Amino acid sequence: MMINTPTFAAGAAAAHAHENLRPKHLVVDISAHGFGHLAQTAAVINALEHASSADTSIKLTIRSVADESTLRERIHRPFDLIPYRQDQGMIMHDALRVDAAATMDWYRDFHSNYKTRKSDAARELEALEPDLVFSDVPYLGLDAASLVGVPSVALCSLNWADIFVSYCKDFKGSARIHDDIQRAYSAADVFLRPEPSMPMESLDNTRPISPIAFQGKDRKDVLRSIADIPDNKEARFVLIGVGGVGIQNLPLDSWPCLDGVHWIFPDAALGGASHIDRRDFLRQSLFKDL
C-alpha cells in the first residue's frame, strides 16, 4: 500500500493541532475536613487564570463532599462537581478535640476492602480521562492515578498518614491502615509542602514551597473604627479561625492579654458572659459587613 506522504503529514499535523486545542483536564480532590484544604486549593486554582492562555485552556473537575456553595464561592473558575469521599481526616468532638475511637472505626471500615476500593477508584478516574490529578489531601485518588498512569500532585501542610498514626497507633490494625495511606501519598509524583507544614520525614517525594494564601486588603482603619479604638492607641488584630469545625470551651480564662492586641473570635466562642469585660475580645459579627 502506498501512502501519500503530503496527505499523511497534513493529517498528522491536523490531529496534533486538534490535540493541542483540547482543554487539559485537571481533576482536583479536596478533603472536606474543615475549610483549610479548600482555602489552599482555591488559591492555587484561581492563580491558574493568570497562568493559562487560549493554548492551554483547562477543564476543571472537583471531587469533594465539601459544601457546593462554599466550593463555588471560593473557586473562581467554572468546574464540574463530583460528590466523592476519599478520606475522613479525623472525626472531631470540636476543633480542638479528636474522637480517636470513632476515627479508627471509620478507617477500619474504609480499609477493610481497600484493594477493591482502589481498583474501583482507578476505573472511575480513567473514565474521566484526566491529564493530572491534584490532591489536597485525599489519598485514594493518588493511589488510583498511579494504577492508571496519570501524573499526580499532592499539596498540603499536613498528611493523614502521620496524623492518623499519631492518634490511632494503639488501636489494633492501625499499622496496616497507616501503610496503605503512606503508600498512596508516596505514589504522587510530588508532595508539595507549603510553609508552615509538618516535616513528613517518612515521605521521600516532598518538596517545601512558600506559604499559600489569599492576599487581603489593609483595612486597619475600618477595623479600628468598628472596634471603637482611639487613634492614639496601638492596635493589632488577630482573627481566631477554627477551619469550619465547631468549637467549645476555648481556654478563654487563660487567654493571653498582650499590649495592643485585639482578638477576633467566632461569636459562639464568646458565649460566656464572664468574658465580656475583656475589651481585647471582639466578636466576628462586628465585622460581618467587611
# chains A, B, ... in the order shown; residues from 1 in each chain; ligands from 1
>>> residues_around(residues="stretch 115-129 of chain A", least_positions_apart="5", cutoff="10 Å", atoms="only C-alpha atoms", output="VMD selection string")
chain A and resid 24 to 27 61 86 110 140 to 150 180 184
>>> write_last_selection(atoms="N, CA, C and O atoms", output="PDB file, in the first residue's frame")
ATOM      1  N   LYS A  24      -6.832  20.836  28.707  1.00  0.00           N
ATOM      2  CA  LYS A  24      -6.220  19.932  29.663  1.00  0.00           C
ATOM      3  C   LYS A  24      -7.218  19.697  30.787  1.00  0.00           C
ATOM      4  O   LYS A  24      -7.808  20.643  31.312  1.00  0.00           O
ATOM      5  N   HIS A  25      -7.382  18.437  31.160  1.00  0.00           N
ATOM      6  CA  HIS A  25      -8.380  18.090  32.170  1.00  0.00           C
ATOM      7  C   HIS A  25      -7.689  17.922  33.516  1.00  0.00           C
ATOM      8  O   HIS A  25      -6.893  17.000  33.712  1.00  0.00           O
ATOM      9  N   LEU A  26      -8.006  18.816  34.432  1.00  0.00           N
ATOM     10  CA  LEU A  26      -7.450  18.785  35.779  1.00  0.00           C
ATOM     11  C   LEU A  26      -8.517  18.262  36.742  1.00  0.00           C
ATOM     12  O   LEU A  26      -9.578  18.873  36.898  1.00  0.00           O
ATOM     13  N   VAL A  27      -8.232  17.135  37.382  1.00  0.00           N
ATOM     14  CA  VAL A  27      -9.122  16.578  38.410  1.00  0.00           C
ATOM     15  C   VAL A  27      -8.540  16.941  39.769  1.00  0.00           C
ATOM     16  O   VAL A  27      -7.381  16.629  40.060  1.00  0.00           O
ATOM     17  N   THR A  61     -12.463  19.550  37.053  1.00  0.00           N
ATOM     18  CA  THR A  61     -13.410  18.689  37.764  1.00  0.00           C
ATOM     19  C   THR A  61     -12.995  18.631  39.232  1.00  0.00           C
ATOM     20  O   THR A  61     -11.848  18.299  39.532  1.00  0.00           O
ATOM     21  N   GLN A  86     -13.128  10.477  49.712  1.00  0.00           N
ATOM     22  CA  GLN A  86     -11.931   9.650  49.624  1.00  0.00           C
ATOM     23  C   GLN A  86     -11.156   9.594  50.933  1.00  0.00           C
ATOM     24  O   GLN A  86     -10.165   8.875  51.036  1.00  0.00           O
ATOM     25  N   PHE A 110     -13.228   1.661  56.042  1.00  0.00           N
ATOM     26  CA  PHE A 110     -12.803   2.142  54.727  1.00  0.00           C
ATOM     27  C   PHE A 110     -11.701   1.268  54.144  1.00  0.00           C
ATOM     28  O   PHE A 110     -11.632   1.039  52.937  1.00  0.00           O
ATOM     29  N   LEU A 140      -6.811   8.381  48.214  1.00  0.00           N
ATOM     30  CA  LEU A 140      -7.304   7.317  47.339  1.00  0.00           C
ATOM     31  C   LEU A 140      -7.093   7.677  45.870  1.00  0.00           C
ATOM     32  O   LEU A 140      -6.679   6.839  45.067  1.00  0.00           O
ATOM     33  N   GLY A 141      -7.364   8.923  45.503  1.00  0.00           N
ATOM     34  CA  GLY A 141      -7.187   9.342  44.119  1.00  0.00           C
ATOM     35  C   GLY A 141      -5.742   9.288  43.662  1.00  0.00           C
ATOM     36  O   GLY A 141      -5.458   9.018  42.491  1.00  0.00           O
ATOM     37  N   LEU A 142      -4.812   9.547  44.585  1.00  0.00           N
ATOM     38  CA  LEU A 142      -3.389   9.431  44.250  1.00  0.00           C
ATOM     39  C   LEU A 142      -3.023   7.979  43.968  1.00  0.00           C
ATOM     40  O   LEU A 142      -2.270   7.679  43.031  1.00  0.00           O
ATOM     41  N   ASP A 143      -3.559   7.084  44.787  1.00  0.00           N
ATOM     42  CA  ASP A 143      -3.340   5.651  44.567  1.00  0.00           C
ATOM     43  C   ASP A 143      -3.919   5.227  43.229  1.00  0.00           C
ATOM     44  O   ASP A 143      -3.288   4.485  42.459  1.00  0.00           O
ATOM     45  N   ALA A 144      -5.130   5.690  42.927  1.00  0.00           N
ATOM     46  CA  ALA A 144      -5.784   5.336  41.668  1.00  0.00           C
ATOM     47  C   ALA A 144      -5.011   5.881  40.474  1.00  0.00           C
ATOM     48  O   ALA A 144      -4.854   5.194  39.451  1.00  0.00           O
ATOM     49  N   ALA A 145      -4.510   7.101  40.590  1.00  0.00           N
ATOM     50  CA  ALA A 145      -3.753   7.704  39.490  1.00  0.00           C
ATOM     51  C   ALA A 145      -2.512   6.891  39.170  1.00  0.00           C
ATOM     52  O   ALA A 145      -2.145   6.720  37.998  1.00  0.00           O
ATOM     53  N   SER A 146      -1.859   6.356  40.195  1.00  0.00           N
ATOM     54  CA  SER A 146      -0.658   5.551  39.952  1.00  0.00           C
ATOM     55  C   SER A 146      -0.997   4.259  39.221  1.00  0.00           C
ATOM     56  O   SER A 146      -0.190   3.747  38.437  1.00  0.00           O
ATOM     57  N   LEU A 147      -2.202   3.721  39.457  1.00  0.00           N
ATOM     58  CA  LEU A 147      -2.610   2.483  38.784  1.00  0.00           C
ATOM     59  C   LEU A 147      -2.851   2.693  37.299  1.00  0.00           C
ATOM     60  O   LEU A 147      -2.583   1.795  36.494  1.00  0.00           O
ATOM     61  N   VAL A 148      -3.378   3.873  36.935  1.00  0.00           N
ATOM     62  CA  VAL A 148      -3.731   4.101  35.529  1.00  0.00           C
ATOM     63  C   VAL A 148      -2.715   4.981  34.809  1.00  0.00           C
ATOM     64  O   VAL A 148      -2.917   5.364  33.651  1.00  0.00           O
ATOM     65  N   GLY A 149      -1.624   5.322  35.468  1.00  0.00           N
ATOM     66  CA  GLY A 149      -0.553   6.057  34.817  1.00  0.00           C
ATOM     67  C   GLY A 149      -0.825   7.532  34.592  1.00  0.00           C
ATOM     68  O   GLY A 149      -0.287   8.127  33.655  1.00  0.00           O
ATOM     69  N   VAL A 150      -1.632   8.135  35.472  1.00  0.00           N
ATOM     70  CA  VAL A 150      -1.914   9.564  35.376  1.00  0.00           C
ATOM     71  C   VAL A 150      -1.002  10.313  36.344  1.00  0.00           C
ATOM     72  O   VAL A 150      -0.899   9.931  37.511  1.00  0.00           O
ATOM     73  N   ASP A 180      -1.182   1.646  54.140  1.00  0.00           N
ATOM     74  CA  ASP A 180      -1.978   1.924  52.938  1.00  0.00           C
ATOM     75  C   ASP A 180      -1.929   3.411  52.590  1.00  0.00           C
ATOM     76  O   ASP A 180      -1.710   3.790  51.428  1.00  0.00           O
ATOM     77  N   ALA A 184      -0.002   5.390  49.377  1.00  0.00           N
ATOM     78  CA  ALA A 184      -0.760   6.229  48.448  1.00  0.00           C
ATOM     79  C   ALA A 184      -0.108   7.597  48.281  1.00  0.00           C
ATOM     80  O   ALA A 184       0.066   8.091  47.158  1.00  0.00           O
TER      81      ALA A 184
END
>>> closest_residue(among="A:Asn232, A:Ser254, A:Ser225, A:Thr41", to="A:Val153", atoms="only C-alpha atoms")
A:Thr41
>>> select_by_dssp(residues="stretch 44-79 of chain A", states="helix (DSSP H, G or I)", output="PyMOL selection string")
chain A and resi 44-51+54-56+68-74
>>> write_last_selection(atoms="C-alpha atoms", output="tab-separated table (two decimals), in the first residue's frame")
chain	number	residue	atom	x	y	z
A	44	VAL	CA	-3.84	27.61	43.57
A	45	ILE	CA	-6.74	27.05	41.16
A	46	ASN	CA	-7.61	30.74	40.99
A	47	ALA	CA	-3.99	31.53	40.12
A	48	LEU	CA	-4.34	29.33	37.03
A	49	GLU	CA	-6.45	32.09	35.50
A	50	HIS	CA	-3.28	34.15	35.14
A	51	ALA	CA	-1.12	31.22	34.04
A	54	ALA	CA	-6.00	30.10	24.80
A	55	ASP	CA	-3.39	27.48	24.02
A	56	THR	CA	-3.59	25.91	27.46
A	68	GLU	CA	-21.04	23.05	46.94
A	69	SER	CA	-21.95	26.68	47.63
A	70	THR	CA	-18.73	27.13	49.62
A	71	LEU	CA	-16.69	25.50	46.83
A	72	ARG	CA	-18.17	27.81	44.21
A	73	GLU	CA	-17.73	30.85	46.44
A	74	ARG	CA	-14.01	30.21	46.86
>>> select_by_dssp(residues="stretch 39-286 of chain A", states="strand (DSSP E)", output="PyMOL selection string")
chain A and resi 58-63+80-82+92-94+97-98+132-136+152-155+190-194+206-209+236-239+261-265+281-283
>>> atom_distance(atom1="atom CA of A:Met90", atom2="atom CA of A:Ser197")
17.5 Å
>>> residues_around(residues="A:Ser166", least_positions_apart="3", cutoff="12 Å", atoms="only C-alpha atoms", output="PyMOL selection string")
chain A and resi 90+98+100+103-104+159-163+169-171+174-175+178
>>> residues_around(residues="stretch 202-218 of chain A", least_positions_apart="2", cutoff="8 Å", atoms="only C-alpha atoms", output="list of chain:residue names")
A:Ala39, A:Gln40, A:Ala43, A:Val44, A:Gln182, A:Tyr185, A:Ser186, A:Ala188, A:Asp189, A:Val190, A:Phe191, A:Leu192, A:Arg193, A:Pro194, A:Glu195, A:Pro196, A:Met200, A:Lys220
>>> atom_distance(atom1="atom CA of A:Leu223", atom2="atom CA of A:Gly36")
24.1 Å
>>> atom_distance(atom1="atom CA of A:Ile177", atom2="atom CA of A:Ser112")
9.0 Å
>>> closest_residue(among="A:Asp280, A:Lys233, A:Asp99, A:Val65", to="A:Pro256", atoms="only C-alpha atoms")
A:Asp280
>>> closest_residue(among="A:Ala102, A:Cys168, A:Arg219, A:Ile229", to="A:Leu290", atoms="only C-alpha atoms")
A:Arg219
>>> residues_around(residues="A:His37", least_positions_apart="5", cutoff="12 Å", atoms="only C-alpha atoms", output="list in words")
Val28, Asp29, Ile30, Ser31, Ala32, Ala42, Ala43, Val44, Ser64, Ala66, Leu71, Arg74, Gly89, Phe134, Ser135, Asp136, Val137, Pro138, Ala154, Leu155, Cys156, Ser157, Leu158, Asn159, Pro194, Ile212, Ala213, Gly243 and Gly244 of chain A
>>> write_last_selection(atoms="N, CA, C and O atoms", output="short mmCIF file (atom, residue, chain, number, x, y, z; two decimals), in the first residue's frame")
data_model
loop_
_atom_site.label_atom_id
_atom_site.label_comp_id
_atom_site.auth_asym_id
_atom_site.auth_seq_id
_atom_site.Cartn_x
_atom_site.Cartn_y
_atom_site.Cartn_z
N VAL A 28 -9.35 17.60 40.58
CA VAL A 28 -8.89 18.12 41.87
C VAL A 28 -9.69 17.46 42.99
O VAL A 28 -10.92 17.54 43.02
N ASP A 29 -8.98 16.80 43.89
CA ASP A 29 -9.59 16.14 45.04
C ASP A 29 -9.35 16.99 46.28
O ASP A 29 -8.20 17.32 46.59
N ILE A 30 -10.42 17.33 47.00
CA ILE A 30 -10.32 18.23 48.15
C ILE A 30 -10.93 17.58 49.37
O ILE A 30 -12.10 17.19 49.36
N SER A 31 -10.15 17.49 50.42
CA SER A 31 -10.67 16.99 51.69
C SER A 31 -11.73 17.95 52.22
O SER A 31 -11.59 19.17 52.12
N ALA A 32 -12.78 17.39 52.81
CA ALA A 32 -13.85 18.20 53.39
C ALA A 32 -13.69 18.35 54.89
O ALA A 32 -14.63 18.72 55.59
N ALA A 42 -8.12 26.54 46.55
CA ALA A 42 -8.74 27.63 45.80
C ALA A 42 -7.70 28.67 45.39
O ALA A 42 -7.74 29.19 44.27
N ALA A 43 -6.76 28.96 46.28
CA ALA A 43 -5.72 29.93 45.94
C ALA A 43 -4.91 29.46 44.74
O ALA A 43 -4.55 30.26 43.86
N VAL A 44 -4.61 28.16 44.68
CA VAL A 44 -3.84 27.61 43.57
C VAL A 44 -4.67 27.61 42.28
O VAL A 44 -4.20 28.06 41.22
N SER A 64 -15.23 16.19 45.76
CA SER A 64 -15.23 16.52 47.18
C SER A 64 -16.64 16.38 47.73
O SER A 64 -17.62 16.46 46.97
N ALA A 66 -17.31 18.49 50.22
CA ALA A 66 -17.48 19.82 50.82
C ALA A 66 -18.73 20.47 50.26
O ALA A 66 -19.21 20.12 49.18
N LEU A 71 -17.66 25.76 47.90
CA LEU A 71 -16.69 25.50 46.83
C LEU A 71 -16.79 26.56 45.74
O LEU A 71 -15.78 27.11 45.29
N ARG A 74 -15.45 30.05 46.73
CA ARG A 74 -14.01 30.21 46.86
C ARG A 74 -13.26 29.96 45.55
O ARG A 74 -12.21 30.55 45.32
N GLY A 89 -10.19 12.35 57.26
CA GLY A 89 -9.42 13.16 58.18
C GLY A 89 -9.57 12.58 59.57
O GLY A 89 -9.44 11.37 59.78
N PHE A 134 -4.76 16.45 41.10
CA PHE A 134 -4.23 17.35 42.12
C PHE A 134 -5.00 17.11 43.40
O PHE A 134 -6.24 17.17 43.40
N SER A 135 -4.31 16.83 44.50
CA SER A 135 -4.98 16.43 45.73
C SER A 135 -4.54 17.27 46.93
O SER A 135 -3.36 17.44 47.19
N ASP A 136 -5.54 17.77 47.67
CA ASP A 136 -5.30 18.42 48.96
C ASP A 136 -6.37 17.89 49.93
O ASP A 136 -7.43 18.47 50.08
N VAL A 137 -6.14 16.81 50.66
CA VAL A 137 -5.04 15.92 50.57
C VAL A 137 -5.58 14.47 50.66
O VAL A 137 -5.01 13.64 51.32
N PRO A 138 -6.75 14.17 49.97
CA PRO A 138 -7.20 12.78 49.90
C PRO A 138 -6.15 11.90 49.25
O PRO A 138 -5.41 12.34 48.36
N ALA A 154 0.29 16.09 45.06
CA ALA A 154 -0.35 16.35 46.34
C ALA A 154 0.16 17.68 46.87
O ALA A 154 1.32 18.04 46.65
N LEU A 155 -0.71 18.40 47.55
CA LEU A 155 -0.30 19.64 48.18
C LEU A 155 -1.04 19.79 49.50
O LEU A 155 -2.26 19.70 49.54
N CYS A 156 -0.31 20.00 50.57
CA CYS A 156 -0.93 20.27 51.86
C CYS A 156 0.15 20.52 52.90
O CYS A 156 1.30 20.10 52.74
N SER A 157 -0.24 21.17 53.97
CA SER A 157 0.66 21.37 55.10
C SER A 157 0.69 20.17 56.03
O SER A 157 1.46 20.15 56.99
N LEU A 158 -0.18 19.21 55.76
CA LEU A 158 -0.25 18.00 56.60
C LEU A 158 -0.56 16.81 55.72
O LEU A 158 -0.84 16.95 54.53
N ASN A 159 -0.48 15.61 56.28
CA ASN A 159 -0.97 14.42 55.59
C ASN A 159 -1.66 13.52 56.61
O ASN A 159 -1.32 13.52 57.79
N PRO A 194 3.53 23.50 51.59
CA PRO A 194 3.61 24.95 51.80
C PRO A 194 3.92 25.25 53.26
O PRO A 194 3.37 24.62 54.17
N ILE A 212 1.03 29.66 51.07
CA ILE A 212 -0.05 29.91 50.12
C ILE A 212 -1.17 30.63 50.87
O ILE A 212 -1.61 30.16 51.93
N ALA A 213 -1.63 31.75 50.33
CA ALA A 213 -2.69 32.49 51.00
C ALA A 213 -3.33 33.46 50.01
O ALA A 213 -2.72 33.84 49.00
N GLY A 243 -11.45 26.80 61.20
CA GLY A 243 -11.46 25.99 60.00
C GLY A 243 -12.76 25.31 59.66
O GLY A 243 -12.77 24.23 59.05
N GLY A 244 -13.88 25.90 60.03
CA GLY A 244 -15.17 25.30 59.69
C GLY A 244 -15.62 24.20 60.61
O GLY A 244 -16.66 23.58 60.38
#
>>> closest_residue(among="A:Lys172, A:Arg183, A:Lys288, A:Arg108", to="A:Asp267", atoms="only C-alpha atoms")
A:Lys288
